[in-house]
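Chemist: The structure that follows is given in the form of C-alpha cells.
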Amino acid sequence: MTPTQLAERILDILHQLAEAGTAPGVLAGVTQVRVDRPKDRAHGDWATNVAMQWASRAGMRPRDLAEAIAEPLRAVDGIQAVEVAGPGFLNVVLDAAASGAVIPDILAAGDRYGASDALAGTPIDLEFVSANPTGPLHLGHTRWAALGDSIARLLRFAGADLTTEYYINDFGSQMDTFASSIYHRVLGEDVAEGEYPGEYVVQLAQRIVAEHPEVRTLPAPEALALCKEEGYRLQLAENRETLARFRVEFDVWFSERRLHTTGADGQSAIQRAIAHLRDQGHVYDKDGAVWLRTTTFGDDKDRVMIRADGEPTYFAADAAYYLDKRGRGFGETIYLLGADHHGYIGRLKAIAQAAGNDPDELVCLIGQLVSVDGAKMSKRAGHIIELGDLIEWLGEDALRYWLARYPADTPLALEGEKLRRRTNDNPVFYVQYAHARTVNVARHAAEAGVTGDGFDASTLTHPTEEALIARLVQFPDVTGHAAALREPHRVARYLEQLAADYHRWYDQCRVVPLGEAPIEAVHHSRLLLNEAAEHVFRIGLDLIGVSAPERM
RNA sequence: GCGCCCGUAGCUCAGCUGGAUAGAGCGUCUGACUACGGAUCAGAAGGUCGCAGGUUCGAAUCCUGUCGGGCGCACCA
C-alpha cells in the first residue's frame, strides 16, 4: 500500500461516515487527504492531520474525529495498527508485506515510474538561456541552461505538451558592435571603446579570414556585413554545441530577425503586433514615438514600442514574440529570467493583458545570479568564465547537479574545488555512487544465483528496508511537486535522501548470502528492492540531466 | 525613493506551500573493514530560524512593521 492509496482509503472512510450519519455531513466535502511520512518513526509509517483540519468545521473535537476514522481504518487489509496521537494525528503502521508490495509495481512501471499526465492539456512554451549570439555562453547562462532543461524534463515527465525555445537576439545595434569588433581584429587592430574585447573575437576573426580571405580587402560596408553574418553563424553554432555537450537541447531556435522582416502583407510581425494592440486600444502616439499604455496593467510607466527615429524597441520585439507564441497555440508561456531582469516582469505581463490574455498564463521564473568561489561574474566586468571551460573543469555531471540542487531564488556559489573532489562533500558523487552500487550488487547477485524469483515482500522487515521502501514510494510525489512548482532541486534533494537510505540498507542487509549460507526468499526479495532503487536513481538523475554511471 | 529576492548550526544550504522534539553535508570529536566497492556506515557536540508584533489548537513557513545584504527601476540590447 502506498501513501496515495492510504489517503484514498481515508477519504473513502470520511465519505462513508458522512453518508451513514455517524459524522457530520460536511465531511462529504473533503476532497483531499494528505498523508506524510513522520520524521519520528515512533509516529508510525504514515501520518495524516486530516482530523485536525476538519474538526472545527465538523463541530467535533479533533481527537474524537480521528478516533472515528481510526476504527474502520484498522479493519483495512494491510494495515497493522492505527493510533490517535497528540492533538489529533492519525498514525498508521503498515504490514511489511503491504509496504513492500509496491516493489513489483515500481519495476513494472520501468522508466515511467513517477511519471504522470497531471500537466497534460494546453501546450506550454518554455523559453530560457536566450543569450546573445555575440559571444560565448558564460557563467551567467549556465544556471538557466541547467535549470531550464531540468524543468523541461520534469514538465514532460508530468505529461506536459512542452516546447523549449531559445530566442536569438540577432537584430539591433549589438550585432553591429559585434561586426565592428570582429572587423577590427580582421585588420589586426585593437577593438574600439565599447566594443567586445574578448579573445574569442580574435579567434572568430582568424576563422573568417581563413574561410574568406577577401574580407581584408572588401570595402568596409561589405566586410562588416560579412563579419556580422559569419561571426554570428560561427558563434551560434559554437554555443549550440556547448549546450548540447551540457545535455541541453532546444526544440525551437527563434531568430529575432523574423519579427522585423516584412511578410506577404507588407508588414513585419512587430508592425502587426502593434496594430493588434492598437485595436485593443492600448497604443498611443506621443513625442514622435509609439507607446504601449502598460500602466493600465500595473507597470511603473508606459513603454515605447517605436522610437522617435522610427526604430522599434526591444520591447516591441518582445511583444511581437509573445504574440507569435500565442499564435502558435501555446496557452502558457514560461520565461526563465535572471534576477537582473526581474524589472521586465511587469511589462511582459502588461503585454499579455493588453493582448487580452490572462496574465497568469505568462509565467516568469526568476533566478538569482551565480558566483564562483565568492567572486561574482558578469560579462560587463570583463571577467568571463565560459560555460565550455566550466564543463571542462568540473565535468557536466557535477556542474549540472550542483546547479540543479538549489532553488532558483537562492543565490548560488560554485565551489569549484569541492566539485572537483570525488568525496562525500560532493553530493553528485554520493548519489552516483549509490547508483553504481545498485548495479554492482545486482552483478554479484547474478553470479551467486540470486534471481529475484520467489519475491516475498513480507520478508523485508529490517528498519532500513522499511525506510528504503518508504522512500521509493514517495518518488511520484516528489516528481509531481517538482513539476507543478517548477523546482528541480526537489528531485536532487530527494535523490540524496534516497542515497542515504540506500547506503544504510546496504550496510545492514545483504542481497548475496555470506559464504556457504543458503539463498532464501529474503535474498530474492532484496534483489528486487535493489533493482527498484536502481530504477529510481536512474530516472531521478536523468530528470536533472545527470548520468547514472554503472561503475565509477 | 519604489519594486523583487535572500537572512535557519562554525561554513554551504534543505525544510515537502501551517504540524509532533527545526534537518543534511562539510568541519570538529569518537567508533565500524579477512563478507555484495570504506567514494560507505554508526554515534557525539553544535540553534533566540535577523528582530518585533499579528493570525490559530499549532508559525522557520502566512500577514504587518523593522534591520541587514543582493538586484532592478531607458525612445540600450
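In the C-alpha cells, chains take the letters A, B, ... in the order shown, each chain's residues start at 1, and ligands count up from 1 in the order shown.
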Report the residues of segment 3-140 of chain A whose backbone DSSP state falls under strand (DSSP E or B), written as a ChimeraX atom specification.
Modeler: /A:35-36,46-48,79-85,89-94,124-127,138
Chemist: Can you write just those residues out, N, CA and C atoms, as a PDB file, in the first residue's frame?
Modeler:
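The new file part27.pdb reads:
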```pdb
ATOM      1  N   VAL A  35      -1.209  12.577   3.301  1.00  0.00           N
ATOM      2  CA  VAL A  35      -0.529  11.595   4.143  1.00  0.00           C
ATOM      3  C   VAL A  35       0.972  11.870   4.092  1.00  0.00           C
ATOM      4  N   ASP A  36       1.584  12.028   5.241  1.00  0.00           N
ATOM      5  CA  ASP A  36       3.008  12.342   5.308  1.00  0.00           C
ATOM      6  C   ASP A  36       3.798  11.246   5.993  1.00  0.00           C
ATOM      7  N   TRP A  46       3.107   6.193   8.367  1.00  0.00           N
ATOM      8  CA  TRP A  46       2.479   7.319   7.677  1.00  0.00           C
ATOM      9  C   TRP A  46       1.530   8.006   8.643  1.00  0.00           C
ATOM     10  N   ALA A  47       1.372   9.296   8.470  1.00  0.00           N
ATOM     11  CA  ALA A  47       0.502  10.040   9.374  1.00  0.00           C
ATOM     12  C   ALA A  47      -0.309  11.066   8.585  1.00  0.00           C
ATOM     13  N   THR A  48      -1.482  11.378   9.131  1.00  0.00           N
ATOM     14  CA  THR A  48      -2.293  12.415   8.492  1.00  0.00           C
ATOM     15  C   THR A  48      -2.877  13.351   9.548  1.00  0.00           C
ATOM     16  N   ILE A  79      -3.162  -2.944   6.886  1.00  0.00           N
ATOM     17  CA  ILE A  79      -2.854  -2.002   7.952  1.00  0.00           C
ATOM     18  C   ILE A  79      -2.690  -2.751   9.264  1.00  0.00           C
ATOM     19  N   GLN A  80      -1.546  -2.522   9.896  1.00  0.00           N
ATOM     20  CA  GLN A  80      -1.237  -3.259  11.102  1.00  0.00           C
ATOM     21  C   GLN A  80      -1.771  -2.549  12.341  1.00  0.00           C
ATOM     22  N   ALA A  81      -1.615  -1.239  12.363  1.00  0.00           N
ATOM     23  CA  ALA A  81      -2.064  -0.504  13.550  1.00  0.00           C
ATOM     24  C   ALA A  81      -2.385   0.935  13.181  1.00  0.00           C
ATOM     25  N   VAL A  82      -3.359   1.492  13.884  1.00  0.00           N
ATOM     26  CA  VAL A  82      -3.701   2.895  13.726  1.00  0.00           C
ATOM     27  C   VAL A  82      -3.787   3.506  15.115  1.00  0.00           C
ATOM     28  N   GLU A  83      -3.145   4.643  15.272  1.00  0.00           N
ATOM     29  CA  GLU A  83      -3.114   5.253  16.591  1.00  0.00           C
ATOM     30  C   GLU A  83      -3.489   6.724  16.479  1.00  0.00           C
ATOM     31  N   VAL A  84      -4.295   7.171  17.433  1.00  0.00           N
ATOM     32  CA  VAL A  84      -4.596   8.600  17.501  1.00  0.00           C
ATOM     33  C   VAL A  84      -3.596   9.213  18.467  1.00  0.00           C
ATOM     34  N   ALA A  85      -2.895  10.235  18.015  1.00  0.00           N
ATOM     35  CA  ALA A  85      -1.807  10.763  18.844  1.00  0.00           C
ATOM     36  C   ALA A  85      -1.837  12.277  18.891  1.00  0.00           C
ATOM     37  N   PHE A  89      -3.465  13.664  15.503  1.00  0.00           N
ATOM     38  CA  PHE A  89      -2.825  12.986  14.363  1.00  0.00           C
ATOM     39  C   PHE A  89      -3.312  11.551  14.286  1.00  0.00           C
ATOM     40  N   LEU A  90      -3.365  11.040  13.067  1.00  0.00           N
ATOM     41  CA  LEU A  90      -3.634   9.620  12.867  1.00  0.00           C
ATOM     42  C   LEU A  90      -2.327   8.995  12.410  1.00  0.00           C
ATOM     43  N   ASN A  91      -1.793   8.093  13.216  1.00  0.00           N
ATOM     44  CA  ASN A  91      -0.543   7.436  12.868  1.00  0.00           C
ATOM     45  C   ASN A  91      -0.815   6.011  12.438  1.00  0.00           C
ATOM     46  N   VAL A  92      -0.333   5.660  11.264  1.00  0.00           N
ATOM     47  CA  VAL A  92      -0.661   4.367  10.672  1.00  0.00           C
ATOM     48  C   VAL A  92       0.609   3.535  10.493  1.00  0.00           C
ATOM     49  N   VAL A  93       0.517   2.270  10.887  1.00  0.00           N
ATOM     50  CA  VAL A  93       1.615   1.328  10.640  1.00  0.00           C
ATOM     51  C   VAL A  93       1.108   0.271   9.665  1.00  0.00           C
ATOM     52  N   LEU A  94       1.900   0.018   8.621  1.00  0.00           N
ATOM     53  CA  LEU A  94       1.503  -0.968   7.616  1.00  0.00           C
ATOM     54  C   LEU A  94       2.202  -2.300   7.862  1.00  0.00           C
ATOM     55  N   ILE A 124       2.518  24.117 -23.619  1.00  0.00           N
ATOM     56  CA  ILE A 124       3.305  25.062 -22.830  1.00  0.00           C
ATOM     57  C   ILE A 124       4.590  25.388 -23.575  1.00  0.00           C
ATOM     58  N   ASP A 125       4.975  26.657 -23.521  1.00  0.00           N
ATOM     59  CA  ASP A 125       6.234  27.082 -24.127  1.00  0.00           C
ATOM     60  C   ASP A 125       7.183  27.499 -23.012  1.00  0.00           C
ATOM     61  N   LEU A 126       8.405  26.998 -23.080  1.00  0.00           N
ATOM     62  CA  LEU A 126       9.403  27.342 -22.059  1.00  0.00           C
ATOM     63  C   LEU A 126      10.619  27.945 -22.750  1.00  0.00           C
ATOM     64  N   GLU A 127      10.859  29.224 -22.462  1.00  0.00           N
ATOM     65  CA  GLU A 127      11.996  29.896 -23.076  1.00  0.00           C
ATOM     66  C   GLU A 127      13.085  30.126 -22.043  1.00  0.00           C
ATOM     67  N   HIS A 138      28.453  32.118 -20.911  1.00  0.00           N
ATOM     68  CA  HIS A 138      29.294  32.212 -19.728  1.00  0.00           C
ATOM     69  C   HIS A 138      28.527  31.795 -18.491  1.00  0.00           C
TER      70      HIS A 138
END
```
Chemist: Residues of chain A were defined as contacting chain B if any atom lay at most 8 Å from it, counting only C-alpha atoms (C1' of nucleotides); please report them as a CSV table (one decimal) with C-alpha atoms, in the first residue's frame.
Modeler:
```
chain,number,residue,atom,x,y,z
A,49,ASN,CA,-3.6,15.6,10.1
A,86,GLY,CA,-1.1,14.2,20.1
A,87,PRO,CA,-3.7,16.9,19.2
A,172,GLY,CA,19.9,45.5,-33.4
A,173,SER,CA,22.9,47.5,-32.5
A,174,GLN,CA,24.8,44.9,-30.5
A,289,ALA,CA,7.1,57.8,-30.6
A,304,VAL,CA,8.0,52.9,-26.1
A,306,ILE,CA,8.6,52.6,-31.9
A,307,ARG,CA,11.3,55.2,-31.1
A,308,ALA,CA,11.1,58.8,-32.4
A,313,THR,CA,12.5,48.9,-29.4
A,314,TYR,CA,13.5,45.6,-27.9
A,339,ALA,CA,17.3,38.4,-11.2
A,340,ASP,CA,18.9,41.3,-13.1
A,341,HIS,CA,15.9,41.2,-15.5
A,342,HIS,CA,13.1,41.0,-12.9
A,343,GLY,CA,12.1,44.5,-13.9
A,368,GLN,CA,19.4,34.7,-8.6
A,409,ASP,CA,15.7,32.1,-6.0
A,410,THR,CA,18.6,31.4,-3.7
A,411,PRO,CA,22.0,32.9,-4.6
A,422,ARG,CA,35.4,12.8,-5.5
A,423,THR,CA,34.3,12.5,-1.9
A,424,ASN,CA,31.2,12.8,0.2
A,425,ASP,CA,31.4,16.6,0.1
A,427,PRO,CA,26.7,15.3,-3.4
A,429,PHE,CA,29.3,11.5,-6.4
A,430,TYR,CA,27.4,10.4,-3.3
A,433,TYR,CA,28.0,6.1,-6.2
A,437,ARG,CA,26.4,0.3,-6.0
A,440,ASN,CA,27.4,-3.8,-8.5
A,441,VAL,CA,25.1,-5.6,-6.1
A,444,HIS,CA,27.2,-10.1,-7.6
A,445,ALA,CA,23.7,-11.4,-7.1
A,478,VAL,CA,8.4,14.4,-5.5
A,493,ARG,CA,17.4,16.6,-2.6
A,503,HIS,CA,23.7,3.1,1.8
A,504,ARG,CA,22.3,2.4,5.2
A,507,ASP,CA,25.4,-1.6,5.3
A,510,ARG,CA,23.0,-8.4,2.3
A,511,VAL,CA,21.5,-9.4,-1.0
A,512,VAL,CA,24.0,-12.1,-1.6
A,514,LEU,CA,27.6,-14.8,3.1
A,515,GLY,CA,29.9,-17.8,2.5
```
Chemist: Using atom CA of Val522 of chain A and atom CA of Lys39 of chain A as the two end points, give the distance in Å to one decimal.
Modeler: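 Separation between atom CA of Val522 of chain A and atom CA of Lys39 of chain A: 27.2 Å.
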Chemist: Set the distance at 8 Å and use only C-alpha atoms (C1' of nucleotides): which residues neighbour G7 of chain B once local chain neighbours fewer than 2 positions away are removed? I'd like the list as a list in words.
Modeler: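 Final neighbour list, sorted by chain and number: G50, G68 and G69 of chain B.
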Chemist: Using C-alpha atoms (C1' of nucleotides), can you export the residues from the last selection as a compact mmCIF listing (two decimals), in the first residue's frame?
Modeler:
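What landed in again18.txt:
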```
# COMPACT_ATOMS: atom_id res chain seq x y z
C1' G B 50 17.79 38.56 11.64
C1' G B 68 20.90 43.88 7.21
C1' G B 69 22.60 42.01 2.23
```
Chemist: Within segment 371-457 of chain A, find each residue whose DSSP state, derived from the backbone, is alpha helix (DSSP H), and express the selection as a count of residues only.
Modeler: 44
Chemist: What lies within 9 Å of Arg57 of chain A using only C-alpha atoms (C1' of nucleotides), ignoring chain neighbours under 6 positions off, as a ChimeraX atom specification?
Modeler: /A:24,26-27
Chemist: Grab the residues selected above and save them as a PDB file, in the first residue's frame with C-alpha atoms.
Modeler:
```
ATOM      1  CA  PRO A  24     -21.383  15.490  10.321  1.00  0.00           C
ATOM      2  CA  VAL A  26     -19.699  18.446   5.914  1.00  0.00           C
ATOM      3  CA  LEU A  27     -17.174  15.643   5.787  1.00  0.00           C
TER       4      LEU A  27
END
```
Chemist: Of the candidates A:Thr459, A:Asn239, A:Thr261, A:Ser180, which shows the shortest atom-to-atom distance to Pro221 of chain A, using only C-alpha atoms?
Modeler: A:Ser180
Chemist: Might you pull out every residue within 10 Å of G46 of chain B, with only C-alpha atoms (C1' of nucleotides) counted and same-chain residues fewer than 2 positions away left off, and present them as a PyMOL selection string?
Modeler: chain B and resi 9-10+28+44
Chemist: Within 10 Å of A59 of chain B, counting only C-alpha atoms (C1' of nucleotides), which residues qualify if same-chain residues fewer than 2 places away don't, as a PyMOL selection string?
Modeler: chain B and resi 18-19+55-56+61-62
Chemist: So that I can see what lies close to segment 5-13 of chain A, please list as a ChimeraX atom specification the residues with an atom at most 8 Å from it, counting only C-alpha atoms (C1' of nucleotides) and leaving out residues fewer than 3 positions away in the same chain.
Modeler: /A:1-2,16-17,30-35,69,72-73
